[in-house]
Amino acid sequence: MTELKAITEDNFLDAFNLRLAQGQDEYVSHPIRSLAQAYVYRNQCQPFGIYADGKMIGYVMIIYDYDIPEYDIWHMMIDESVQGKGYGTEALGRVIEYIRTKPFGDSGRIALTCNKNNPVARKLYESKGFSATGAEDEDEIEMVMMV
């Protein structure tokens, strides 16, 4: 079972030690970059460590876009050592539960982008109710769900 824990001074170094499998760095940014963005957008986002059995096994950041308004899921990743065990599916469910509490503002729209060449991630997002909108930016497609 996974749980989300806010990134704090007590666990941010654990996020830095997460690793993607070879070739996955073209699909998602490392938590170091993401945490820098979290600092810049600190009034509208929350970075989380994804935990299983008390150990950080992944990372995700939720950001609220006041202009649209919508919640965005950024930089979700599971460490290479535990990929393929269902943690990503569980964690995405926890992220959606968190967003349903509307921690930053009132919106039922959740958006994310997925690399066109990442069918595993796309299948995961579609299994949770995300659909491609048709909007694309370079090698990324936008996917949205309503909650």
# chains A, B, ... in the order shown; residues from 1 in each chain; ligands from 1
$ residues_around --residues "Gly93 of chain A" --least-positions-apart "5" --cutoff "9 Å" --atoms "only C-alpha atoms" --output "short mmCIF file (atom, residue, chain, number, x, y, z; two decimals) with N, CA and C atoms, in the first residue's frame"
data_model
loop_
_atom_site.label_atom_id
_atom_site.label_comp_id
_atom_site.auth_asym_id
_atom_site.auth_seq_id
_atom_site.Cartn_x
_atom_site.Cartn_y
_atom_site.Cartn_z
N GLY A 88 2.74 2.63 -8.97
CA GLY A 88 2.32 3.81 -9.74
C GLY A 88 0.81 3.93 -9.78
N TYR A 98 -6.25 13.15 -3.06
CA TYR A 98 -5.77 14.42 -2.52
C TYR A 98 -6.39 15.59 -3.27
N LYS A 128 -7.14 5.15 -15.04
CA LYS A 128 -7.70 5.95 -13.94
C LYS A 128 -8.72 6.98 -14.41
#
$ residues_around --residues "Tyr66 of chain A" --least-positions-apart "2" --cutoff "10 Å" --atoms "only C-alpha atoms" --output "list of chain:residue names"
A:Gln44, A:Ile63, A:Tyr64, A:Ile68, A:Pro69, A:Glu70, A:Tyr71, A:Phe104, A:Gly105, A:Asp106, A:Ser107
$ select_by_dssp --residues "chain A" --states "strand (DSSP E or B)" --output "ChimeraX atom specification"
/A:2-6,45-52,55-65,70-78,109-115,131-137,140-146
$ residues_around --residues "Tyr59 of chain A" --least-positions-apart "4" --cutoff "9 Å" --atoms "only C-alpha atoms" --output "list in words"
Leu4, Ala15, Leu18, His30, Pro31, Pro47, Phe48, Gly49, Ile50, Tyr51, His75, Met76, Met77, Ile78 and Asp79 of chain A
$ write_last_selection --atoms "C-alpha atoms" --output "PDB file, in the first residue's frame"
ATOM      1  CA  LEU A   4       1.838  10.310   0.021  1.00  0.00           C
ATOM      2  CA  ALA A  15      13.812  12.251  -3.254  1.00  0.00           C
ATOM      3  CA  LEU A  18      15.331   8.176  -6.578  1.00  0.00           C
ATOM      4  CA  HIS A  30      14.242  14.223 -11.801  1.00  0.00           C
ATOM      5  CA  PRO A  31      12.916  15.395  -8.398  1.00  0.00           C
ATOM      6  CA  PRO A  47       5.467  17.988  -3.753  1.00  0.00           C
ATOM      7  CA  PHE A  48       5.062  14.510  -2.280  1.00  0.00           C
ATOM      8  CA  GLY A  49       7.211  11.489  -1.679  1.00  0.00           C
ATOM      9  CA  ILE A  50       5.451   8.269  -2.587  1.00  0.00           C
ATOM     10  CA  TYR A  51       6.020   5.739   0.208  1.00  0.00           C
ATOM     11  CA  HIS A  75       6.866  14.737 -12.594  1.00  0.00           C
ATOM     12  CA  MET A  76       5.321  11.542 -11.245  1.00  0.00           C
ATOM     13  CA  MET A  77       7.951   8.819 -11.048  1.00  0.00           C
ATOM     14  CA  ILE A  78       8.546   5.465  -9.365  1.00  0.00           C
ATOM     15  CA  ASP A  79      12.093   4.341  -8.546  1.00  0.00           C
TER      16      ASP A  79
END
$ closest_residue --among "A:Met145, A:Ser29, A:Lys85, A:Leu35" --to "Glu9 of chain A" --atoms "only C-alpha atoms"
A:Leu35
$ residues_around --residues "Asp139 of chain A" --least-positions-apart "6" --cutoff "10 Å" --atoms "only C-alpha atoms" --output "JSON, numbers by chain"
{"A": [26, 27, 113, 114, 115, 116, 117]}
